[in-house]
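Just work.cif here, mmCIF, C-alpha atoms:
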data_start
loop_
_atom_site.group_PDB
_atom_site.id
_atom_site.type_symbol
_atom_site.label_atom_id
_atom_site.label_comp_id
_atom_site.auth_asym_id
_atom_site.auth_seq_id
_atom_site.Cartn_x
_atom_site.Cartn_y
_atom_site.Cartn_z
ATOM 1 C CA MET A 1 78.198 115.547 86.029
ATOM 2 C CA LYS A 2 78.856 112.135 84.507
ATOM 3 C CA PHE A 3 82.238 110.617 85.401
ATOM 4 C CA ILE A 4 84.176 108.165 83.240
ATOM 5 C CA LEU A 5 87.131 106.288 84.723
ATOM 6 C CA ALA A 6 89.631 105.563 81.944
ATOM 7 C CA SER A 7 91.434 102.811 83.826
ATOM 8 C CA LYS A 8 91.422 99.027 84.126
ATOM 9 C CA SER A 9 92.961 99.223 87.620
ATOM 10 C CA PRO A 10 90.866 97.426 90.251
ATOM 11 C CA ARG A 11 92.517 99.584 92.937
ATOM 12 C CA ARG A 12 91.402 102.848 91.319
ATOM 13 C CA LYS A 13 87.899 101.456 90.855
ATOM 14 C CA GLU A 14 87.740 100.387 94.506
ATOM 15 C CA ILE A 15 89.052 103.717 95.854
ATOM 16 C CA LEU A 16 86.474 105.723 93.880
ATOM 17 C CA GLU A 17 83.677 103.339 94.869
ATOM 18 C CA ASN A 18 84.700 103.616 98.529
ATOM 19 C CA ILE A 19 84.292 107.408 98.535
ATOM 20 C CA GLY A 20 80.837 107.019 96.978
ATOM 21 C CA LEU A 21 81.494 108.449 93.504
ATOM 22 C CA ALA A 22 79.202 107.250 90.717
ATOM 23 C CA PHE A 23 81.154 106.514 87.530
ATOM 24 C CA GLU A 24 81.428 104.275 84.488
ATOM 25 C CA ILE A 25 84.586 102.550 83.244
ATOM 26 C CA VAL A 26 85.679 103.011 79.629
ATOM 27 C CA THR A 27 89.155 101.862 78.621
ATOM 28 C CA THR A 28 91.222 101.879 75.461
ATOM 29 C CA ASN A 29 94.573 100.515 74.356
ATOM 30 C CA ALA A 30 96.316 103.889 74.482
ATOM 31 C CA ASP A 31 99.969 104.055 73.471
ATOM 32 C CA GLU A 32 101.987 103.988 76.709
ATOM 33 C CA THR A 33 105.430 104.631 75.272
ATOM 34 C CA CYS A 34 106.923 107.819 76.654
ATOM 35 C CA THR A 35 110.256 109.581 76.246
ATOM 36 C CA ALA A 36 109.928 111.867 79.289
ATOM 37 C CA THR A 37 112.657 111.237 81.862
ATOM 38 C CA ASP A 38 111.200 113.262 84.735
ATOM 39 C CA PRO A 39 108.804 110.946 86.623
ATOM 40 C CA SER A 40 106.151 113.628 87.200
ATOM 41 C CA GLU A 41 106.128 114.646 83.540
ATOM 42 C CA TYR A 42 106.116 110.974 82.542
ATOM 43 C CA VAL A 43 102.952 110.101 84.510
ATOM 44 C CA LYS A 44 101.149 113.310 83.493
ATOM 45 C CA GLU A 45 101.846 112.610 79.818
ATOM 46 C CA LEU A 46 100.629 109.018 80.047
ATOM 47 C CA ALA A 47 97.539 109.956 82.057
ATOM 48 C CA LEU A 48 96.646 112.590 79.454
ATOM 49 C CA ARG A 49 97.233 110.127 76.636
ATOM 50 C CA LYS A 50 94.895 107.576 78.232
ATOM 51 C CA GLY A 51 92.290 110.286 78.775
ATOM 52 C CA GLU A 52 92.580 111.574 75.212
ATOM 53 C CA ALA A 53 92.163 108.065 73.793
ATOM 54 C CA THR A 54 89.003 107.604 75.868
ATOM 55 C CA LEU A 55 87.738 111.044 74.828
ATOM 56 C CA ALA A 56 88.193 110.115 71.149
ATOM 57 C CA LEU A 57 86.361 106.817 71.657
ATOM 58 C CA LEU A 58 83.416 108.478 73.407
ATOM 59 C CA LYS A 59 83.199 111.097 70.648
ATOM 60 C CA GLU A 60 83.228 108.335 68.035
ATOM 61 C CA ARG A 61 80.350 106.632 69.858
ATOM 62 C CA GLY A 62 78.458 109.917 70.225
ATOM 63 C CA GLN A 63 78.641 109.605 74.032
ATOM 64 C CA MET A 64 80.850 112.611 74.882
ATOM 65 C CA THR A 65 78.417 115.157 76.289
ATOM 66 C CA ASP A 66 79.198 118.567 77.790
ATOM 67 C CA ASP A 67 78.605 117.218 81.300
ATOM 68 C CA THR A 68 80.968 114.231 80.903
ATOM 69 C CA LEU A 69 84.310 114.292 82.721
ATOM 70 C CA ILE A 70 86.998 111.681 82.105
ATOM 71 C CA ILE A 71 89.366 110.624 84.888
ATOM 72 C CA ALA A 72 92.659 109.058 83.784
ATOM 73 C CA ALA A 73 95.724 108.128 85.804
ATOM 74 C CA ASP A 74 99.165 106.589 85.647
ATOM 75 C CA THR A 75 101.506 105.559 88.467
ATOM 76 C CA VAL A 76 105.228 104.818 88.561
ATOM 77 C CA VAL A 77 107.888 104.333 91.211
ATOM 78 C CA ALA A 78 111.113 106.332 91.056
ATOM 79 C CA LEU A 79 114.409 105.547 92.762
ATOM 80 C CA GLU A 80 116.954 108.304 92.236
ATOM 81 C CA ASN A 81 116.740 108.908 88.455
ATOM 82 C CA GLU A 82 115.256 105.559 87.420
ATOM 83 C CA ILE A 83 111.565 105.104 86.637
ATOM 84 C CA PHE A 84 110.026 101.745 87.572
ATOM 85 C CA GLY A 85 106.759 100.721 85.950
ATOM 86 C CA LYS A 86 105.085 97.317 86.156
ATOM 87 C CA PRO A 87 107.532 94.385 86.121
ATOM 88 C CA LYS A 88 107.814 92.505 82.835
ATOM 89 C CA ASP A 89 108.513 89.164 84.495
ATOM 90 C CA GLU A 90 109.807 87.482 87.660
ATOM 91 C CA LYS A 91 113.391 88.595 87.042
ATOM 92 C CA ASP A 92 112.269 92.215 86.664
ATOM 93 C CA ALA A 93 110.178 92.037 89.853
ATOM 94 C CA LEU A 94 113.165 90.656 91.782
ATOM 95 C CA ARG A 95 115.368 93.461 90.433
ATOM 96 C CA MET A 96 112.924 96.140 91.555
ATOM 97 C CA LEU A 97 112.350 94.840 95.060
ATOM 98 C CA ARG A 98 116.067 94.305 95.655
ATOM 99 C CA ALA A 99 116.662 97.903 94.540
ATOM 100 C CA PHE A 100 114.099 99.225 97.053
ATOM 101 C CA SER A 101 115.326 97.104 99.970
ATOM 102 C CA GLY A 102 116.560 99.277 102.851
ATOM 103 C CA ARG A 103 115.964 102.516 100.925
ATOM 104 C CA ALA A 104 113.384 105.231 100.318
ATOM 105 C CA HIS A 105 111.732 105.676 96.937
ATOM 106 C CA ARG A 106 108.995 107.859 95.476
ATOM 107 C CA VAL A 107 105.599 106.805 94.156
ATOM 108 C CA ILE A 108 104.322 109.299 91.579
ATOM 109 C CA SER A 109 100.783 109.303 90.167
ATOM 110 C CA GLY A 110 99.607 111.462 87.307
ATOM 111 C CA ILE A 111 95.940 112.485 87.292
ATOM 112 C CA ALA A 112 94.350 113.829 84.099
ATOM 113 C CA LEU A 113 90.837 115.267 83.925
ATOM 114 C CA LEU A 114 89.223 115.896 80.545
ATOM 115 C CA THR A 115 85.948 117.342 79.322
ATOM 116 C CA ALA A 116 84.924 118.074 75.745
ATOM 117 C CA LYS A 117 86.502 121.541 76.095
ATOM 118 C CA LYS A 118 89.338 121.225 78.587
ATOM 119 C CA ALA A 119 92.153 118.857 79.620
ATOM 120 C CA VAL A 120 94.371 119.275 82.685
ATOM 121 C CA ALA A 121 96.883 117.097 84.502
ATOM 122 C CA THR A 122 98.892 117.127 87.705
ATOM 123 C CA ALA A 123 101.106 114.748 89.672
ATOM 124 C CA GLU A 124 101.221 113.611 93.289
ATOM 125 C CA VAL A 125 104.377 112.312 94.992
ATOM 126 C CA THR A 126 104.610 110.076 98.080
ATOM 127 C CA ARG A 127 107.866 108.932 99.681
ATOM 128 C CA VAL A 128 107.936 105.286 100.833
ATOM 129 C CA ILE A 129 110.638 103.882 103.143
ATOM 130 C CA PHE A 130 111.444 100.165 102.978
ATOM 131 C CA ASP A 131 113.296 98.142 105.600
ATOM 132 C CA GLU A 132 115.900 95.656 104.448
ATOM 133 C CA ILE A 133 113.932 92.827 102.803
ATOM 134 C CA PRO A 134 115.121 89.247 103.473
ATOM 135 C CA GLU A 135 115.952 87.556 100.171
ATOM 136 C CA GLY A 136 113.660 84.660 101.037
ATOM 137 C CA GLU A 137 110.697 86.995 101.443
ATOM 138 C CA ILE A 138 111.396 88.646 98.076
ATOM 139 C CA ALA A 139 111.418 85.232 96.416
ATOM 140 C CA GLN A 140 108.250 84.248 98.278
ATOM 141 C CA TYR A 141 106.510 87.425 97.153
ATOM 142 C CA VAL A 142 107.411 87.278 93.472
ATOM 143 C CA ALA A 143 106.125 83.689 93.381
ATOM 144 C CA THR A 144 102.625 85.110 93.957
ATOM 145 C CA ASP A 145 100.492 87.024 91.461
ATOM 146 C CA GLU A 146 100.533 90.234 93.514
ATOM 147 C CA PRO A 147 103.596 92.073 92.090
ATOM 148 C CA TYR A 148 102.873 91.804 88.381
ATOM 149 C CA ASP A 149 100.248 94.462 87.691
ATOM 150 C CA LYS A 150 101.709 96.981 90.147
ATOM 151 C CA ALA A 151 104.176 99.793 89.503
ATOM 152 C CA GLY A 152 107.349 98.947 91.394
ATOM 153 C CA ALA A 153 106.268 95.294 91.766
ATOM 154 C CA TYR A 154 104.489 95.675 95.100
ATOM 155 C CA ALA A 155 101.147 96.508 96.705
ATOM 156 C CA ILE A 156 101.390 98.609 99.871
ATOM 157 C CA GLN A 157 98.091 97.147 101.081
ATOM 158 C CA GLY A 158 99.244 93.543 100.584
ATOM 159 C CA PHE A 159 102.156 91.333 101.667
ATOM 160 C CA ALA A 160 104.648 94.139 100.983
ATOM 161 C CA SER A 161 103.258 96.049 103.977
ATOM 162 C CA LEU A 162 105.569 93.830 106.060
ATOM 163 C CA TRP A 163 108.558 95.792 104.734
ATOM 164 C CA ILE A 164 107.301 99.373 104.896
ATOM 165 C CA ARG A 165 108.896 101.425 107.669
ATOM 166 C CA GLY A 166 106.836 104.507 106.840
ATOM 167 C CA ILE A 167 105.464 106.834 104.211
ATOM 168 C CA GLU A 168 105.531 110.589 103.741
ATOM 169 C CA GLY A 169 102.502 111.803 101.823
ATOM 170 C CA ASP A 170 99.252 110.342 100.553
ATOM 171 C CA TYR A 171 98.752 106.617 101.257
ATOM 172 C CA PHE A 172 96.089 106.355 98.546
ATOM 173 C CA ASN A 173 98.606 107.638 96.021
ATOM 174 C CA VAL A 174 100.709 104.534 96.712
ATOM 175 C CA VAL A 175 97.648 102.304 96.325
ATOM 176 C CA GLY A 176 97.105 103.920 92.925
ATOM 177 C CA PHE A 177 94.807 106.944 93.107
ATOM 178 C CA PRO A 178 95.396 110.115 95.189
ATOM 179 C CA VAL A 179 91.865 111.165 96.127
ATOM 180 C CA LYS A 180 92.825 114.513 97.703
ATOM 181 C CA CYS A 181 94.815 115.480 94.602
ATOM 182 C CA PHE A 182 91.815 114.542 92.426
ATOM 183 C CA SER A 183 89.451 116.577 94.611
ATOM 184 C CA ASP A 184 91.757 119.610 94.557
ATOM 185 C CA LEU A 185 92.167 119.464 90.762
ATOM 186 C CA LEU A 186 88.383 119.243 90.260
ATOM 187 C CA ALA A 187 87.875 122.308 92.431
ATOM 188 C CA LYS A 188 90.701 124.367 90.962
ATOM 189 C CA GLU A 189 90.173 123.654 87.259
ATOM 190 C CA PHE A 190 86.440 122.894 86.980
ATOM 191 C CA ASP A 191 84.965 124.634 90.049
ATOM 192 C CA LEU A 192 83.438 121.334 91.173
ATOM 193 C CA SER A 193 83.201 120.123 94.776
ATOM 194 C CA LEU A 194 83.812 116.382 95.001
ATOM 195 C CA ALA A 195 82.078 116.277 98.390
ATOM 196 C CA ASN A 196 78.945 117.900 96.930
ATOM 197 C CA LEU A 197 78.966 115.661 93.863
ATOM 198 C CA ILE A 198 79.089 112.571 96.087
ATOM 199 C CA LYS A 199 76.337 113.940 98.347
ATOM 200 C CA GLU A 200 74.052 114.698 95.366
ATOM 201 C CA LYS A 201 74.474 111.414 93.485
#

Please go through the file and, once you have read it, give me the structure as structure tokens.
Amino acid sequence: MKFILASKSPRRKEILENIGLAFEIVTTNADETCTATDPSEYVKELALRKGEATLALLKERGQMTDDTLIIAADTVVALENEIFGKPKDEKDALRMLRAFSGRAHRVISGIALLTAKKAVATAEVTRVIFDEIPEGEIAQYVATDEPYDKAGAYAIQGFASLWIRGIEGDYFNVVGFPVKCFSDLLAKEFDLSLANLIKEK
């Protein structure tokens, strides 16, 4: 099986490399506008859209074989009914982090898997609990580059780990790619064992 990662995210690339999966990266400029208001539906729709755009590109290039499987993903943060994507600017990053301070929020990732004949998607949810964040630390953080390509304006594995009281669910989901969810979806929908695929590479 040949795997294609349809993502520019360095975190997703690193997570898949760390488990020993062999893959190539192919990305497109897929339309990321979405009208869904439920966070799980939102990330599944965007993950599928990214996967479908990559599928179309590979078909156009004549590179979409029967043993090719595309992995696409999208991650957002949700607080109550509001969906938080990547911050647009410093003001937006400040707004997000102030909203999360002293509260629990959800990190939701959509995973889409596509072959030439089948496309499926699911979502994984992790609850993250923040302590109260001192205003000076928020300002210090948004002055760095770290918040700006991350959903919710923070990286759990970076400076923001200072504020995290705990998590309920998959840590790797918060980083950007829920490996267990990916493995389960592969097994359920394509009858493929991720452990065996890694062992055989």

- prompt: What's the 8 Å shell around range 17-24 of chain A, counting all atoms listed in the file, without same-chain residues fewer than 2 positions away, as number ranges by chain?
  reply: A: 2-5, 13-15, 26, 197-198, 201

Please produce a file of the residues just selected, as an mmCIF file, in the frame of the given file, where the atoms kept are C-alpha atoms.
data_model
loop_
_atom_site.group_PDB
_atom_site.id
_atom_site.type_symbol
_atom_site.label_atom_id
_atom_site.label_comp_id
_atom_site.auth_asym_id
_atom_site.auth_seq_id
_atom_site.Cartn_x
_atom_site.Cartn_y
_atom_site.Cartn_z
ATOM 1 C CA LYS A 2 78.856 112.135 84.507
ATOM 2 C CA PHE A 3 82.238 110.617 85.401
ATOM 3 C CA ILE A 4 84.176 108.165 83.240
ATOM 4 C CA LEU A 5 87.131 106.288 84.723
ATOM 5 C CA LYS A 13 87.899 101.456 90.855
ATOM 6 C CA GLU A 14 87.740 100.387 94.506
ATOM 7 C CA ILE A 15 89.052 103.717 95.854
ATOM 8 C CA VAL A 26 85.679 103.011 79.629
ATOM 9 C CA LEU A 197 78.966 115.661 93.863
ATOM 10 C CA ILE A 198 79.089 112.571 96.087
ATOM 11 C CA LYS A 201 74.474 111.414 93.485
#

If the PyMOL selection byres ((chain A and resi 105-119) around 7) were run on this exact file, what residues would it hold? Put them as a CSV table (one decimal) with C-alpha atoms, in the frame of the given file.
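See selection31.csv below for the written result:
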chain,number,residue,atom,x,y,z
A,39,PRO,CA,108.8,110.9,86.6
A,40,SER,CA,106.2,113.6,87.2
A,43,VAL,CA,103.0,110.1,84.5
A,44,LYS,CA,101.1,113.3,83.5
A,47,ALA,CA,97.5,110.0,82.1
A,48,LEU,CA,96.6,112.6,79.5
A,51,GLY,CA,92.3,110.3,78.8
A,64,MET,CA,80.8,112.6,74.9
A,66,ASP,CA,79.2,118.6,77.8
A,68,THR,CA,81.0,114.2,80.9
A,69,LEU,CA,84.3,114.3,82.7
A,70,ILE,CA,87.0,111.7,82.1
A,71,ILE,CA,89.4,110.6,84.9
A,72,ALA,CA,92.7,109.1,83.8
A,73,ALA,CA,95.7,108.1,85.8
A,74,ASP,CA,99.2,106.6,85.6
A,75,THR,CA,101.5,105.6,88.5
A,76,VAL,CA,105.2,104.8,88.6
A,77,VAL,CA,107.9,104.3,91.2
A,78,ALA,CA,111.1,106.3,91.1
A,79,LEU,CA,114.4,105.5,92.8
A,100,PHE,CA,114.1,99.2,97.1
A,103,ARG,CA,116.0,102.5,100.9
A,104,ALA,CA,113.4,105.2,100.3
A,120,VAL,CA,94.4,119.3,82.7
A,121,ALA,CA,96.9,117.1,84.5
A,122,THR,CA,98.9,117.1,87.7
A,123,ALA,CA,101.1,114.7,89.7
A,124,GLU,CA,101.2,113.6,93.3
A,125,VAL,CA,104.4,112.3,95.0
A,126,THR,CA,104.6,110.1,98.1
A,127,ARG,CA,107.9,108.9,99.7
A,128,VAL,CA,107.9,105.3,100.8
A,129,ILE,CA,110.6,103.9,103.1
A,173,ASN,CA,98.6,107.6,96.0
A,174,VAL,CA,100.7,104.5,96.7
A,182,PHE,CA,91.8,114.5,92.4

task: Could you tell me how far CA of Leu94 in chain A lies from CA of Gly136 in chain A, in Å and to one decimal?
output: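 Atom-to-atom, CA of Leu94 in chain A to CA of Gly136 in chain A, that is 11.0 Å.
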
task: Compare A:Met1, A:Ala160, A:Ala6, A:Ala36 by their minimum atom-to-atom distance to Glu146 in chain A, counting all atoms listed in the file, and give me the closest one.
output: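 Using all atoms listed in the file, the shortest distance to Glu146 in chain A belongs to A:Ala160.
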
task: Taking the file above as input, evaluate the PyMOL selection byres ((chain A and resi 153) around 10) and report the hits as a PyMOL selection string.
output: chain A and resi 77+84-90+92-97+141-142+146-152+154-155+160

Work out where the centre of an axis-aligned box around every listed atom of range 177-181 of chain A lies and how long its edges are once 5 Å is added on each side; give both in Å to one decimal as lines of an AutoDock Vina configuration file.
center_x = 93.6
center_y = 111.2
center_z = 95.4
size_x = 13.5
size_y = 18.5
size_z = 14.6

- prompt: So how many Å separate CA of Thr37 in chain A and CA of Ser183 in chain A, to one decimal?
  reply: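 Taking CA of Thr37 in chain A and CA of Ser183 in chain A, their separation equals 27.0 Å.
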
Point-to-point distance in Å for CA of Cys34 in chain A and CA of Ala53 in chain A: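 Here the two named atoms are 15.0 Å from each other.
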
field: Counting only C-alpha atoms, the option among A:Val175, A:Leu186, A:Leu192, A:Leu46 closest to Ile156 in chain A
entry: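 Looking only at the distances to Ile156 in chain A, the closest residue turns out to be A:Val175.
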
message: Counting all atoms listed in the file, I want the residues whose atoms come within 8 Å of (107.9, 95.8, 101.7) in the file frame, returned as a list in words.
response: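 Checked against the point, the hits come out as Ser101, Phe130, Asp131, Ile133, Tyr154, Ile156, Phe159, Ala160, Ser161, Leu162, Trp163 and Ile164 of chain A.
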
The PyMOL selection byres ((chain A and resi 28) around 9) resolved against shown file, as a PyMOL selection string: chain A and resi 6-7+26-27+29-30+50+53-54+57

Keeping only C-alpha atoms, write those residues as a compact mmCIF listing (two decimals), keeping the file's coordinate frame.
# COMPACT_ATOMS: atom_id res chain seq x y z
CA ALA A 6 89.63 105.56 81.94
CA SER A 7 91.43 102.81 83.83
CA VAL A 26 85.68 103.01 79.63
CA THR A 27 89.16 101.86 78.62
CA ASN A 29 94.57 100.52 74.36
CA ALA A 30 96.32 103.89 74.48
CA LYS A 50 94.90 107.58 78.23
CA ALA A 53 92.16 108.06 73.79
CA THR A 54 89.00 107.60 75.87
CA LEU A 57 86.36 106.82 71.66
